[in-house]
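J.: The following file, input05.cif, comprises mmCIF, C-alpha atoms:
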```cif
data_query
loop_
_atom_site.label_atom_id
_atom_site.label_comp_id
_atom_site.auth_asym_id
_atom_site.auth_seq_id
_atom_site.Cartn_x
_atom_site.Cartn_y
_atom_site.Cartn_z
CA MET N 715 0.00 0.00 0.00
CA ALA N 716 1.40 3.41 -0.96
CA PRO N 717 2.28 5.66 2.00
CA SER N 718 -0.45 8.18 1.11
CA TYR N 719 -3.13 5.48 1.09
CA PHE N 720 -1.80 4.08 4.35
CA PHE N 721 -2.09 7.44 6.12
CA LEU N 722 -5.53 7.98 4.64
CA ALA N 723 -6.64 4.59 6.00
CA VAL N 724 -5.25 5.44 9.44
CA PHE N 725 -7.01 8.81 9.40
CA LEU N 726 -10.36 7.25 8.44
CA ALA N 727 -9.95 4.62 11.17
CA LEU N 728 -9.36 7.32 13.78
CA VAL N 729 -12.38 9.29 12.57
CA ALA N 730 -14.52 6.15 12.74
CA CYS N 731 -13.34 5.48 16.30
CA GLN N 732 -14.24 9.00 17.35
CA ALA N 733 -17.64 8.75 15.68
CA ASN N 734 -18.40 5.65 17.78
CA ALA N 735 -16.98 6.92 21.05
CA SER N 736 -20.30 6.68 22.89
CA ASP N 737 -22.34 3.68 24.01
CA PRO N 738 -22.09 0.94 21.34
CA SER N 739 -25.07 0.45 19.06
CA PRO N 740 -27.02 -2.75 19.73
CA LEU N 741 -26.61 -5.66 17.32
CA GLN N 742 -29.90 -7.24 18.31
CA ASP N 743 -33.36 -6.12 19.45
CA PHE N 744 -32.27 -5.86 23.08
CA CYS N 745 -29.61 -6.98 25.54
CA VAL N 746 -31.16 -6.88 29.00
CA ALA N 747 -28.40 -6.52 31.60
CA ASP N 748 -27.53 -9.71 33.48
CA LYS N 749 -26.05 -8.18 36.63
CA HIS N 750 -25.22 -11.61 38.06
CA SER N 751 -23.19 -12.82 35.09
CA PRO N 752 -19.52 -13.61 35.86
CA VAL N 753 -18.61 -12.37 32.38
CA LYS N 754 -16.92 -8.96 32.52
CA VAL N 755 -17.65 -6.69 29.55
CA ASN N 756 -17.91 -2.96 28.89
CA GLY N 757 -21.41 -2.62 30.29
CA PHE N 758 -23.27 -5.81 31.17
CA ALA N 759 -23.57 -9.23 29.60
CA CYS N 760 -26.94 -10.10 28.07
CA LYS N 761 -29.60 -11.95 29.97
CA ASP N 762 -30.88 -15.07 28.23
CA PRO N 763 -33.57 -13.71 25.84
CA MET N 764 -35.86 -16.60 26.77
CA ALA N 765 -35.78 -15.40 30.40
CA VAL N 766 -36.57 -11.77 29.55
CA ASN N 767 -39.99 -10.38 30.44
CA ALA N 768 -41.76 -7.01 30.42
CA ASP N 769 -40.54 -6.17 33.93
CA ASP N 770 -36.98 -5.95 32.58
CA PHE N 771 -38.09 -2.84 30.66
CA PHE N 772 -40.22 -1.33 33.44
CA LYS N 773 -39.70 0.52 36.70
CA ALA N 774 -42.38 2.02 38.94
CA ALA N 775 -40.17 5.07 39.49
CA LYS N 776 -42.97 7.47 40.53
CA LEU N 777 -41.21 10.30 38.75
CA ASP N 778 -44.41 12.33 39.01
CA GLU N 779 -43.89 12.66 42.79
CA PRO N 780 -41.81 15.48 44.34
CA ARG N 781 -38.51 14.47 45.94
CA ASN N 782 -37.22 15.63 49.31
CA THR N 783 -34.65 18.43 49.02
CA MET N 784 -34.72 19.52 52.66
CA HIS N 785 -31.80 17.29 53.73
CA SER N 786 -29.53 18.29 50.84
CA LYS N 787 -26.87 20.90 51.62
CA VAL N 788 -27.00 22.07 48.01
CA GLY N 789 -30.80 22.03 47.86
CA SER N 790 -31.36 19.48 45.12
CA ASN N 791 -32.25 15.84 44.65
CA VAL N 792 -31.33 13.91 41.47
CA THR N 793 -33.33 10.72 40.82
CA LEU N 794 -31.43 8.84 38.13
CA ILE N 795 -32.91 6.04 36.05
CA ASN N 796 -30.00 4.25 34.37
CA VAL N 797 -29.09 0.65 33.61
CA MET N 798 -28.53 -0.03 37.31
CA GLN N 799 -32.23 0.61 37.98
CA LEU N 800 -33.65 -0.52 34.63
CA PRO N 801 -31.74 -3.47 33.10
CA GLY N 802 -33.55 -3.16 29.78
CA LEU N 803 -31.50 -0.01 29.08
CA ASN N 804 -28.34 -2.07 28.55
CA THR N 805 -26.73 -1.21 25.15
CA LEU N 806 -29.52 1.28 24.30
CA GLY N 807 -27.42 4.38 25.04
CA ILE N 808 -30.01 6.37 26.98
CA SER N 809 -31.04 7.20 30.55
CA LEU N 810 -32.93 9.95 32.33
CA ALA N 811 -33.21 11.79 35.62
CA ARG N 812 -35.74 13.82 37.55
CA ILE N 813 -34.12 16.77 39.32
CA ASP N 814 -35.86 18.61 42.17
CA TYR N 815 -34.55 22.00 43.30
CA ALA N 816 -35.42 23.71 46.56
CA PRO N 817 -35.82 27.50 46.48
CA LEU N 818 -32.26 28.81 45.88
CA GLY N 819 -31.14 25.19 45.46
CA GLU N 820 -28.67 24.02 42.85
CA ASN N 821 -27.32 21.01 41.06
CA PRO N 822 -23.69 22.07 41.53
CA PRO N 823 -21.04 22.16 38.80
CA HIS N 824 -20.43 18.63 37.54
CA THR N 825 -19.70 16.64 34.41
CA HIS N 826 -21.04 13.49 32.78
CA PRO N 827 -17.97 11.78 31.32
CA ARG N 828 -19.99 9.53 29.04
CA ALA N 829 -23.07 11.53 28.02
CA THR N 830 -24.60 14.61 26.48
CA GLU N 831 -27.56 15.90 28.50
CA ILE N 832 -30.74 17.62 27.37
CA LEU N 833 -32.71 19.30 30.17
CA THR N 834 -36.39 20.27 30.16
CA VAL N 835 -37.85 22.50 32.87
CA LEU N 836 -41.18 21.14 34.10
CA GLU N 837 -41.85 23.67 36.87
CA GLY N 838 -40.23 26.90 38.02
CA THR N 839 -37.19 28.79 36.80
CA LEU N 840 -33.57 27.69 36.44
CA TYR N 841 -30.33 29.50 35.70
CA VAL N 842 -28.21 26.96 33.82
CA GLY N 843 -24.92 26.91 31.99
CA PHE N 844 -21.81 25.06 30.87
CA VAL N 845 -18.15 26.00 30.46
CA THR N 846 -16.04 25.07 27.44
CA SER N 847 -12.65 23.40 27.68
CA ASN N 848 -9.24 25.10 27.91
CA PRO N 849 -7.97 27.57 26.89
CA ASN N 850 -11.11 29.69 26.44
CA ASN N 851 -13.29 28.40 29.32
CA THR N 852 -16.26 30.25 27.84
CA LEU N 853 -19.47 30.24 29.87
CA PHE N 854 -22.73 29.66 27.99
CA ALA N 855 -25.60 30.39 30.37
CA LYS N 856 -29.32 31.01 30.16
CA VAL N 857 -32.36 31.53 32.40
CA LEU N 858 -34.94 28.83 31.65
CA ASN N 859 -38.64 28.85 32.42
CA LYS N 860 -41.28 26.14 32.35
CA GLY N 861 -41.16 24.26 29.04
CA ASP N 862 -37.71 25.50 28.04
CA VAL N 863 -34.96 23.10 26.91
CA PHE N 864 -31.16 23.37 27.17
CA VAL N 865 -28.34 21.05 26.05
CA PHE N 866 -25.11 20.33 27.92
CA PRO N 867 -22.42 18.83 25.64
CA GLU N 868 -20.74 15.61 26.72
CA GLY N 869 -17.99 15.92 29.32
CA LEU N 870 -18.28 19.68 29.89
CA ILE N 871 -18.75 21.20 33.36
CA HIS N 872 -22.33 22.39 33.81
CA PHE N 873 -24.79 23.40 36.52
CA GLN N 874 -28.39 24.33 37.29
CA PHE N 875 -29.52 26.86 39.93
CA ASN N 876 -33.00 27.85 41.11
CA PRO N 877 -32.79 31.65 41.55
CA ILE N 878 -36.27 31.98 43.07
CA HIS N 879 -36.26 32.29 46.87
CA ASP N 880 -39.80 31.08 47.50
CA LYS N 881 -40.61 28.51 44.77
CA PRO N 882 -39.12 25.09 43.98
CA ALA N 883 -38.28 23.91 40.49
CA VAL N 884 -38.37 20.56 38.69
CA ALA N 885 -36.62 19.35 35.54
CA ILE N 886 -36.26 16.15 33.55
CA ALA N 887 -32.92 15.35 31.94
CA ALA N 888 -32.28 12.82 29.18
CA LEU N 889 -28.72 11.52 28.81
CA SER N 890 -27.06 9.77 25.89
CA SER N 891 -25.66 6.82 27.83
CA GLN N 892 -27.08 3.90 29.76
CA ASN N 893 -24.61 4.85 32.52
CA PRO N 894 -23.56 8.51 32.06
CA GLY N 895 -21.61 8.87 35.29
CA ALA N 896 -21.40 12.09 37.28
CA ILE N 897 -18.36 13.89 38.67
CA THR N 898 -19.30 16.73 41.01
CA ILE N 899 -16.34 19.09 40.84
CA ALA N 900 -16.22 20.19 44.49
CA ASN N 901 -16.69 16.64 45.76
CA ALA N 902 -13.97 15.26 43.50
CA VAL N 903 -11.43 17.99 44.25
CA PHE N 904 -12.01 18.54 47.97
CA GLY N 905 -13.69 15.29 49.01
CA SER N 906 -11.54 12.63 47.35
CA LYS N 907 -10.50 9.58 49.37
CA PRO N 908 -7.64 9.72 50.15
CA PRO N 909 -7.47 13.52 49.93
CA ILE N 910 -5.42 15.29 47.29
CA SER N 911 -2.35 16.92 48.83
CA ASP N 912 -3.12 20.42 50.10
CA ASP N 913 0.19 21.52 48.54
CA VAL N 914 -1.18 20.53 45.15
CA LEU N 915 -4.56 22.22 45.62
CA ALA N 916 -3.16 25.37 47.25
CA LYS N 917 -0.94 25.92 44.22
CA ALA N 918 -3.69 25.05 41.75
CA PHE N 919 -6.21 27.46 43.33
CA GLN N 920 -3.59 30.05 44.35
CA VAL N 921 -4.76 30.17 48.00
CA GLU N 922 -3.21 29.43 51.39
CA LYS N 923 -3.06 25.80 52.51
CA TRP N 924 -5.32 26.48 55.50
CA THR N 925 -8.10 27.38 53.07
CA ILE N 926 -7.69 24.02 51.34
CA ASP N 927 -7.57 22.22 54.70
CA TRP N 928 -10.85 23.91 55.69
CA LEU N 929 -12.52 22.95 52.43
CA GLN N 930 -11.34 19.34 52.70
CA ALA N 931 -12.78 19.15 56.21
CA GLN N 932 -16.31 19.90 54.96
CA PHE N 933 -18.87 17.17 54.32
CA TRP N 934 -19.14 16.83 50.55
CA GLU N 935 -22.59 15.41 49.94
CA ASN N 936 -23.78 13.37 46.98
CA ASN N 937 -27.15 14.69 45.76
CA HIS N 938 -27.74 11.73 43.40
CA TYR N 939 -30.19 9.16 44.78
#
```
Take the structure I supplied and represent it as structure tokens, if you would.

T.:
Amino acid sequence: MAPSYFFLAVFLALVACQANASDPSPLQDFCVADKHSPVKVNGFACKDPMAVNADDFFKAAKLDEPRNTMHSKVGSNVTLINVMQLPGLNTLGISLARIDYAPLGENPPHTHPRATEILTVLEGTLYVGFVTSNPNNTLFAKVLNKGDVFVFPEGLIHFQFNPIHDKPAVAIAALSSQNPGAITIANAVFGSKPPISDDVLAKAFQVEKWTIDWLQAQFWENNHY
């Protein structure tokens, strides 16, 4: 193969890999997750199709019912429905979440390493946004009202905040992965186990070490239930 054709083939292969860098497309009608299978794969092995029934595609999630936000330090409650709760989602590349926000509550800055998210406001008002990658770190933000929709690109830091002091808000988010993952920035940086060296964080944030020590001593709560 001539060198030019070889490099063209390599380039096309890399492009194809990038184009398929999300959950793999199914090669059959369904692949219900078999969480008890000893086989280790990227995702879950398939349950025997002859043992599959309608309950594998169903969950009485009661997503119409308000969630408790009173015990959350950040004033939000994320109810995620992914492959762990609904095995029929395995290989289908989709999940969803109901998010409840107390007045002045927020879903703090976080990322989904494996999914794009599209958010729809069902009740109330939300100030939402995401930040692009280095070097620009551009903030794209918008105030959303009931019925509005906003998209957060895969892997980018984003947030939602209820700016109303006397009314809660509710949103539904759809995510492009059966298991999108969530990394809450403050929890990961200041609440890691074991903790990141305060020398490292003090230099990164350009603050005194005692400030980092104080932040690491806080209780970093998970608002995903």

J.: Please, what distance in Å, to one decimal, runs between atom CA of N:Asp769 and atom CA of N:Thr793?

T.: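 Interatomic distance, atom CA of N:Asp769 to atom CA of N:Thr793: 19.6 Å.
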
J.: Could you work out how far atom CA of N:His872 lies from atom CA of N:Leu840, giving the answer in Å with one decimal?

T.: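 Separation of atom CA of N:Leu840 and atom CA of N:His872: 12.7 Å.
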
J.: From the set N:Pro801, N:Pro823, N:Pro849, N:Pro780, which residue has the shortest atom-to-atom contact distance to N:Val903, counting only C-alpha atoms?

T.: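 Selected residue with least distance to N:Val903: N:Pro823.
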
J.: What's the 9 Å shell around stretch 856-860 of chain N, counting all atoms listed in the file, without same-chain residues fewer than 2 positions away, as a list in words?

T.: Thr834, Val835, Leu836, Glu837, Gly838, Thr839, Leu840, Tyr841, Val842, Gly843, Phe854, Asp862, Val863, Phe864, Ala883, Val884 and Ala885 of chain N

J.: For a test of reading the model, state the distance in Å between atom CA of N:Gly905 and atom CA of N:Trp934, rounded to one decimal.

T.: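 Atom CA of N:Trp934 lies 5.9 Å from atom CA of N:Gly905.
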
J.: Per residue of stretch 837-912 of chain N within 12 Å of stretch 748-760 of chain N, record the nearest atom pair and its distance in Å to one decimal, counting only C-alpha atoms, with rows in chain order and ascending residue number, as a Markdown table.

T.:
```
| residue | atom | partner | partner_atom | distance |
| --- | --- | --- | --- | --- |
| N:Ser891 | CA | N:Gly757 | CA | 10.6 |
| N:Gln892 | CA | N:Gly757 | CA | 8.7 |
| N:Asn893 | CA | N:Gly757 | CA | 8.4 |
| N:Pro894 | CA | N:Gly757 | CA | 11.5 |
```

J.: Name all residues at most 12 Å from N:Leu741 (count only C-alpha atoms; drop same-chain ones fewer than 5 positions away) and give them as a list in words.

T.: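 My list of contacting residues is Cys760, Asn804, Thr805 and Leu806 of chain N.
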
J.: Counting all atoms listed in the file, figure out which residue out of N:Ala816, N:Ile795, N:Ala747, N:Ile832 gets nearest to N:Ala888.

T.: N:Ile832

J.: Please expand the PyMOL selection byres ((chain N and resi 916) around 12) into the concrete residues it hits in this file, giving the result as a list of chain:residue names.

T.: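 Residues picked by the PyMOL selection byres ((chain N and resi 916) around 12): N:Val903, N:Phe904, N:Ile910, N:Ser911, N:Asp912, N:Asp913, N:Val914, N:Leu915, N:Lys917, N:Ala918, N:Phe919, N:Gln920, N:Val921, N:Glu922, N:Lys923, N:Trp924, N:Thr925, N:Ile926, N:Asp927, N:Trp928, N:Leu929, N:Gln930.
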
J.: Just the selected residues (C-alpha atoms), exported as a PDB file, in the coordinates of the input, please.

T.:
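Contents of the output file result_2.pdb:
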```pdb
ATOM      1  CA  VAL N 903     -11.430  17.990  44.250  1.00  0.00           C
ATOM      2  CA  PHE N 904     -12.010  18.540  47.970  1.00  0.00           C
ATOM      3  CA  ILE N 910      -5.420  15.290  47.290  1.00  0.00           C
ATOM      4  CA  SER N 911      -2.350  16.920  48.830  1.00  0.00           C
ATOM      5  CA  ASP N 912      -3.120  20.420  50.100  1.00  0.00           C
ATOM      6  CA  ASP N 913       0.190  21.520  48.540  1.00  0.00           C
ATOM      7  CA  VAL N 914      -1.180  20.530  45.150  1.00  0.00           C
ATOM      8  CA  LEU N 915      -4.560  22.220  45.620  1.00  0.00           C
ATOM      9  CA  LYS N 917      -0.940  25.920  44.220  1.00  0.00           C
ATOM     10  CA  ALA N 918      -3.690  25.050  41.750  1.00  0.00           C
ATOM     11  CA  PHE N 919      -6.210  27.460  43.330  1.00  0.00           C
ATOM     12  CA  GLN N 920      -3.590  30.050  44.350  1.00  0.00           C
ATOM     13  CA  VAL N 921      -4.760  30.170  48.000  1.00  0.00           C
ATOM     14  CA  GLU N 922      -3.210  29.430  51.390  1.00  0.00           C
ATOM     15  CA  LYS N 923      -3.060  25.800  52.510  1.00  0.00           C
ATOM     16  CA  TRP N 924      -5.320  26.480  55.500  1.00  0.00           C
ATOM     17  CA  THR N 925      -8.100  27.380  53.070  1.00  0.00           C
ATOM     18  CA  ILE N 926      -7.690  24.020  51.340  1.00  0.00           C
ATOM     19  CA  ASP N 927      -7.570  22.220  54.700  1.00  0.00           C
ATOM     20  CA  TRP N 928     -10.850  23.910  55.690  1.00  0.00           C
ATOM     21  CA  LEU N 929     -12.520  22.950  52.430  1.00  0.00           C
ATOM     22  CA  GLN N 930     -11.340  19.340  52.700  1.00  0.00           C
TER      23      GLN N 930
END
```

J.: Would you please work out which residue, of N:His824, N:Ser847, N:Asn796, N:Lys881, is nearest to N:Ala902 when using all atoms listed in the file?

T.: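 With all atoms listed in the file as the atom set, the closest residue is N:His824.
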
J.: Identify which of the residues N:Cys745, N:Ile871, N:Met798, N:Ala768 lies closest to N:Pro827, counting only C-alpha atoms when measuring atom-to-atom distances.

T.: N:Ile871

J.: Check the smallest atom-to-atom distance from each of N:Asn901, N:Gly895, N:His879, N:Lys907 to N:Gly819 using all atoms listed in the file, then report the winner.

T.: N:His879

J.: Extract, using all atoms listed in the file, all DNA, RNA and protein residues at most 10 Å from N:Val792, discarding same-chain residues fewer than 2 positions from it, and format them as a ChimeraX atom specification.

T.: /N:781-783,790,794-795,811-815,821,885-887,936-939

J.: Name the residues, using the chain letters and numbers of the file, that sit within 12 Å of (-39.8, -3.9, 31.2) when counting all atoms listed in the file, and give them as JSON, numbers by chain.

T.: {"N": [744, 746, 747, 766, 767, 768, 769, 770, 771, 772, 773, 774, 797, 799, 800, 801, 802, 803, 804]}

J.: Taking all listed atoms of stretch 786-790 of chain N, build the axis-aligned box, pad each of the six sides by 4 Å, then write its centre and edge lengths in Å to one decimal as JSON.

T.:
```
{"center_x": -29.1, "center_y": 20.2, "center_z": 48.4, "size_x": 12.5, "size_y": 11.8, "size_z": 14.5}
```

J.: Considering only C-alpha atoms, can you say which of N:Asn791, N:Asn851, N:Ile899, N:His826 comes closest to N:Pro867?

T.: N:His826

J.: Mind checking which residues fall within 8 Å of N:Leu853, counting all atoms listed in the file, ignoring those fewer than 5 positions away in the same chain, and posting them as a PDB file with C-alpha atoms, keeping the file's coordinate frame?

T.:
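For reference, selection32.pdb as written:
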```
ATOM      1  CA  GLY N 843     -24.920  26.910  31.990  1.00  0.00           C
ATOM      2  CA  PHE N 844     -21.810  25.060  30.870  1.00  0.00           C
ATOM      3  CA  VAL N 845     -18.150  26.000  30.460  1.00  0.00           C
ATOM      4  CA  THR N 846     -16.040  25.070  27.440  1.00  0.00           C
TER       5      THR N 846
END
```

J.: What's the 10 Å shell around N:Glu935, counting all atoms listed in the file, without same-chain residues fewer than 6 positions away, as JSON, numbers by chain?

T.: {"N": [786, 787, 788, 898, 900, 901, 905]}

J.: Kindly reconstruct stretch 739-750 of chain N with all heavy atoms and present the result as a compact mmCIF listing (two decimals), keeping the file's coordinate frame.

T.:
```txt
# COMPACT_ATOMS: atom_id res chain seq x y z
N SER N 739 -23.74 0.72 19.60
CA SER N 739 -25.07 0.45 19.06
C SER N 739 -25.40 -1.03 19.24
O SER N 739 -24.53 -1.89 19.08
CB SER N 739 -25.12 0.82 17.58
OG SER N 739 -24.87 2.19 17.39
N PRO N 740 -26.65 -1.34 19.55
CA PRO N 740 -27.02 -2.75 19.73
C PRO N 740 -26.98 -3.51 18.41
O PRO N 740 -27.26 -2.95 17.34
CB PRO N 740 -28.45 -2.67 20.28
CG PRO N 740 -28.96 -1.34 19.84
CD PRO N 740 -27.77 -0.42 19.81
N LEU N 741 -26.64 -4.78 18.49
CA LEU N 741 -26.61 -5.66 17.32
C LEU N 741 -27.77 -6.63 17.32
O LEU N 741 -27.82 -7.56 16.51
CB LEU N 741 -25.28 -6.44 17.30
CG LEU N 741 -24.02 -5.56 17.24
CD1 LEU N 741 -22.76 -6.42 17.30
CD2 LEU N 741 -24.02 -4.71 15.98
N GLN N 742 -28.71 -6.42 18.23
CA GLN N 742 -29.90 -7.24 18.31
C GLN N 742 -31.01 -6.37 18.87
O GLN N 742 -30.80 -5.20 19.19
CB GLN N 742 -29.64 -8.45 19.23
CG GLN N 742 -29.11 -8.06 20.58
CD GLN N 742 -28.13 -9.07 21.15
OE1 GLN N 742 -27.55 -9.85 20.43
NE2 GLN N 742 -27.94 -9.04 22.46
N ASP N 743 -32.22 -6.92 18.99
CA ASP N 743 -33.36 -6.12 19.45
C ASP N 743 -33.13 -5.54 20.84
O ASP N 743 -33.47 -4.39 21.10
CB ASP N 743 -34.64 -6.96 19.47
CG ASP N 743 -35.14 -7.26 18.07
OD1 ASP N 743 -34.67 -6.59 17.12
OD2 ASP N 743 -36.00 -8.13 17.93
N PHE N 744 -32.56 -6.33 21.72
CA PHE N 744 -32.27 -5.86 23.08
C PHE N 744 -31.21 -6.75 23.70
O PHE N 744 -30.93 -7.85 23.22
CB PHE N 744 -33.53 -5.85 23.95
CG PHE N 744 -34.29 -7.16 23.99
CD1 PHE N 744 -33.83 -8.22 24.77
CD2 PHE N 744 -35.45 -7.33 23.25
CE1 PHE N 744 -34.51 -9.42 24.81
CE2 PHE N 744 -36.14 -8.53 23.28
CZ PHE N 744 -35.67 -9.58 24.07
N CYS N 745 -30.61 -6.23 24.77
CA CYS N 745 -29.61 -6.98 25.54
C CYS N 745 -29.82 -6.61 27.00
O CYS N 745 -29.12 -5.76 27.55
CB CYS N 745 -28.20 -6.63 25.07
SG CYS N 745 -26.87 -7.33 26.08
N VAL N 746 -30.83 -7.19 27.61
CA VAL N 746 -31.16 -6.88 29.00
C VAL N 746 -29.96 -7.24 29.89
O VAL N 746 -29.37 -8.32 29.76
CB VAL N 746 -32.42 -7.64 29.45
CG1 VAL N 746 -32.64 -7.49 30.95
CG2 VAL N 746 -33.63 -7.15 28.68
N ALA N 747 -29.59 -6.32 30.77
CA ALA N 747 -28.40 -6.52 31.60
C ALA N 747 -28.58 -7.72 32.53
O ALA N 747 -29.58 -7.83 33.25
CB ALA N 747 -28.13 -5.27 32.42
N ASP N 748 -27.60 -8.60 32.51
CA ASP N 748 -27.53 -9.71 33.48
C ASP N 748 -26.49 -9.31 34.53
O ASP N 748 -25.29 -9.52 34.36
CB ASP N 748 -27.12 -11.00 32.78
CG ASP N 748 -27.11 -12.19 33.72
OD1 ASP N 748 -27.30 -11.99 34.94
OD2 ASP N 748 -26.89 -13.32 33.24
N LYS N 749 -26.96 -8.72 35.61
CA LYS N 749 -26.05 -8.18 36.63
C LYS N 749 -25.36 -9.26 37.44
O LYS N 749 -24.43 -8.98 38.19
CB LYS N 749 -26.81 -7.23 37.55
CG LYS N 749 -27.40 -6.03 36.83
CD LYS N 749 -28.21 -5.16 37.77
CE LYS N 749 -28.91 -4.06 37.02
NZ LYS N 749 -29.78 -3.25 37.91
N HIS N 750 -25.81 -10.50 37.29
CA HIS N 750 -25.22 -11.61 38.06
C HIS N 750 -24.26 -12.45 37.21
O HIS N 750 -23.69 -13.42 37.71
CB HIS N 750 -26.33 -12.50 38.62
CG HIS N 750 -27.32 -11.76 39.45
ND1 HIS N 750 -27.01 -11.20 40.67
CD2 HIS N 750 -28.64 -11.46 39.22
CE1 HIS N 750 -28.07 -10.59 41.16
NE2 HIS N 750 -29.07 -10.74 40.31
```
